[in-house]
Amino acid sequence: MAVSGDLTFQRRAGRALESSRTFVKLLFRNRLTGAAFVVVTLLVVVALLAPVLAPYPDDGRGVVNPSERFQKPSSEHIFGTDDMGRDILSRVIFGTRISLSISLVTIVAAMLIAIPLGVIAGYFGGFIDEILMRITDVFLSFPPLLIAIVVASFLGPSLENAMIAIVIAWWPWYSRVIRAQVMAAKERPYVSAARCIGTSDWKIMFSHILPNTIAPVIIQASMDLGCVILTAASLSFIGLGAQPPQPEWGLIVSSARTYILDAWWYSVFPGLAILVTVLSFNLIGDGLREVLDPRTRVR
Amino acid sequence: MTRDSGTTGALSGDTLLRVEGLKKYFPVRGGFWQRSVKWVRAVDSVTFNINRGEVLGLVGESGCGKTTLAQMIVGIYPPTSGRIELDGIDLGKSLQSRNLKTKRKVQIVFQDPFWSLNPRKMVRDIVGEPLVVHGVALGSTVVRKVGDLLEMVGIDRARLFSYPHEFSGGERQRVAIARALALNPSLLLLDEPTSSIDTLSQAEILNLLIEVRNRFSLSYVLISHDLSVVQYLSDRIAVMYLGKIVEIGDTRRVFRARLHPYTEALMAAVPMIHASGEVSDVKPLEGHVPSAINPPPGCRFEARCYKRQDVCAVEEPPLRAIEDPEHLVACHFTNV
């Protein structure tokens, strides 16, 4: 028994490895997705190693050098310097930390709120569903950026409040997606079979239905990682998010606005960072959808 | 195996399940405020008994209410009215009103083996779930018991850790049967258990069902539109048309006597291969099933019946015995 147990374990482990390999292979078959995957991996490395990679780590943290204001891009300052004489490359590198953690934390928080509510609404239906869905309707009737602006200005300008605002603006979308999936999945015979067995509603919801309905939400979330970065940058740009001297990309672009004609490099490089990051996350989201949803897979 | 009428009667013997006046009306919503304006009478006043160890075949064309009836018995749909009794105990309206002990006595095997097993779970967890939920087994005993169950239905216990997509249709149906048997039920509802499986696996599943039934003296409600399957497996047969039982009785008697014109039509629609190699003509029934939303006031089969007379459109024939007290039929003109 023990030997055969080990064998089955090996076989299972081998199978899991094989399936994850095919998963990666499928992901990389689309060249753009592969490239985006590489870019995001690089961004994560950059964020983790920011103090090592940044040529002037102190500038990244906000130390001012008045003597080196508005230096053009050169071998010394590849992205040039800003109005305080700080190295923009270092600031952008440190900004990677902020942007990536904002997107990850807010998306995870939004999912943690949205998934239980969506599953409950979709599974039980009726009165609970009606109430939860009317609440989401209120949120969905405004653009998420507008809600985020209202909430952020209500809470006061800071990076944390901007993140709370984004979570509040974002969760109803996931709730809707998951609810629709659950409503379809709860009619399947394996759910009926579990009910006949006597499995509790909670176990049915979270062990039978959720694993079969989560894929579209994951796809949506991976696409939204980019959107959230953009929203956070927008909030910082209008002064409701990160506060100086935090090296948040949106905030850098915002302070560069005044000097856009004299120092193009000040706004262009942080702007490019936003562009590349958002684009990469969107491409990964597209790629994930192709892999997870075989119907959209190109043969 | 005993298939003598003596042990299969509806009135005699040890009654396991009693279904009395069972109705299921589905609302059709429409108009202002989404009021339910019409009702689909999916199952309309169905009454029958099943004895311990008996197989009741339920036949009829698609949409006649067979599946709804089964799902009410197992508790998936609450009935609109009527009583379901198991071992003399009222099962109550819905699954919520049943306790675990009652639930384990009635289990179901679904028609579609592809969606009846959770694609994200291993067979060990699928078949082991009832054991865990009912506290029958824990930890390593689950694995052992699931292995025993799989072997009983003819699946190698080495495949405990496989996922449903690694099995063929017939094998999946075996897994579904193993799950249903895990709790030692006394009644198993088989909702077209072989209709989405190839013929050879179908024969194997049927033999498995017979074997299992003899071993545990289980009762089955076998739903099928395949008359040969029903004839092979069931002791008694009930013919349904538009939510009502039109004929019920011992399988061999019903197949021989065919008292109701609908039963007659159903059997005439099956091609028979004779020993001579000749294939009999099939006689499809003409006309369409009337809508279950507004069923005709008299006999529901009236519009398609060759025996119809004026009384059929007005008066609904009751289910009554003609010669044999256990062979009931709902027709005004059984001996014409």
# chains A, B, ... in the order shown; residues from 1 in each chain; ligands from 1
>>> interface_residues(of="chain B", to="chain A", cutoff="9 Å", atoms="only C-alpha atoms", output="ChimeraX atom specification")
/B:74-76,95,99-100,103-104,106-113,115-121,129-130,133-134,158-159,161-162,179-180,183
>>> select_by_dssp(residues="segment 104-315 of chain B", states="alpha helix (DSSP H)", output="ChimeraX atom specification")
/B:123-133,140-152,169-181,199-216,227-233,251-257,261-268,310-314
>>> atom_distance(atom1="atom CA of Tyr266 of chain A", atom2="atom CA of Glu248 of chain A")
13.2 Å
>>> atom_distance(atom1="atom CA of Gly125 of chain A", atom2="atom CA of Lys23 of chain B")
24.0 Å
>>> residues_around(residues="Pro66 of chain A", least_positions_apart="4", cutoff="8 Å", atoms="only C-alpha atoms", output="CSV table (one decimal) with C-alpha atoms, in the first residue's frame")
chain,number,residue,atom,x,y,z
A,83,ASP,CA,13.1,70.0,-10.8
A,84,MET,CA,14.6,69.0,-7.5
A,85,GLY,CA,17.7,67.6,-9.2
>>> residues_around(residues="Arg97 of chain A", least_positions_apart="6", cutoff="10 Å", atoms="only C-alpha atoms", output="list in words")
Leu43, Val44, Val45, Val46, Ala47, Leu48, Leu49, Ala50, Pro247 and Glu248 of chain A
>>> write_last_selection(atoms="N, CA and C atoms", output="PDB file, in the first residue's frame")
ATOM      1  N   LEU A  43       9.705  43.644 -14.290  1.00  0.00           N
ATOM      2  CA  LEU A  43       9.199  44.697 -13.404  1.00  0.00           C
ATOM      3  C   LEU A  43       9.204  44.235 -11.950  1.00  0.00           C
ATOM      4  N   VAL A  44       8.802  42.968 -11.747  1.00  0.00           N
ATOM      5  CA  VAL A  44       8.784  42.445 -10.382  1.00  0.00           C
ATOM      6  C   VAL A  44      10.200  42.419  -9.822  1.00  0.00           C
ATOM      7  N   VAL A  45      11.159  41.961 -10.655  1.00  0.00           N
ATOM      8  CA  VAL A  45      12.557  41.925 -10.210  1.00  0.00           C
ATOM      9  C   VAL A  45      13.021  43.345  -9.875  1.00  0.00           C
ATOM     10  N   VAL A  46      12.710  44.287 -10.755  1.00  0.00           N
ATOM     11  CA  VAL A  46      13.106  45.679 -10.531  1.00  0.00           C
ATOM     12  C   VAL A  46      12.528  46.194  -9.208  1.00  0.00           C
ATOM     13  N   ALA A  47      11.239  45.867  -8.978  1.00  0.00           N
ATOM     14  CA  ALA A  47      10.610  46.349  -7.747  1.00  0.00           C
ATOM     15  C   ALA A  47      11.298  45.770  -6.522  1.00  0.00           C
ATOM     16  N   LEU A  48      11.606  44.465  -6.594  1.00  0.00           N
ATOM     17  CA  LEU A  48      12.228  43.820  -5.444  1.00  0.00           C
ATOM     18  C   LEU A  48      13.633  44.348  -5.188  1.00  0.00           C
ATOM     19  N   LEU A  49      14.379  44.586  -6.286  1.00  0.00           N
ATOM     20  CA  LEU A  49      15.790  44.967  -6.137  1.00  0.00           C
ATOM     21  C   LEU A  49      16.007  46.472  -6.325  1.00  0.00           C
ATOM     22  N   ALA A  50      14.966  47.261  -6.150  1.00  0.00           N
ATOM     23  CA  ALA A  50      15.066  48.701  -6.437  1.00  0.00           C
ATOM     24  C   ALA A  50      16.289  49.367  -5.807  1.00  0.00           C
ATOM     25  N   PRO A 247       7.762  58.514  -4.973  1.00  0.00           N
ATOM     26  CA  PRO A 247       8.079  58.435  -6.403  1.00  0.00           C
ATOM     27  C   PRO A 247       6.998  57.718  -7.207  1.00  0.00           C
ATOM     28  N   GLU A 248       5.725  58.057  -6.971  1.00  0.00           N
ATOM     29  CA  GLU A 248       4.652  57.393  -7.707  1.00  0.00           C
ATOM     30  C   GLU A 248       4.635  57.957  -9.124  1.00  0.00           C
TER      31      GLU A 248
END
>>> residues_around(residues="segment 197-208 of chain B", least_positions_apart="4", cutoff="10 Å", atoms="only C-alpha atoms", output="PyMOL selection string")
chain B and resi 111-113+152-154+168-174+177+193+212-214+229-230+232-233
>>> atom_distance(atom1="atom CA of Ile252 of chain A", atom2="atom CA of Thr81 of chain A")
11.5 Å
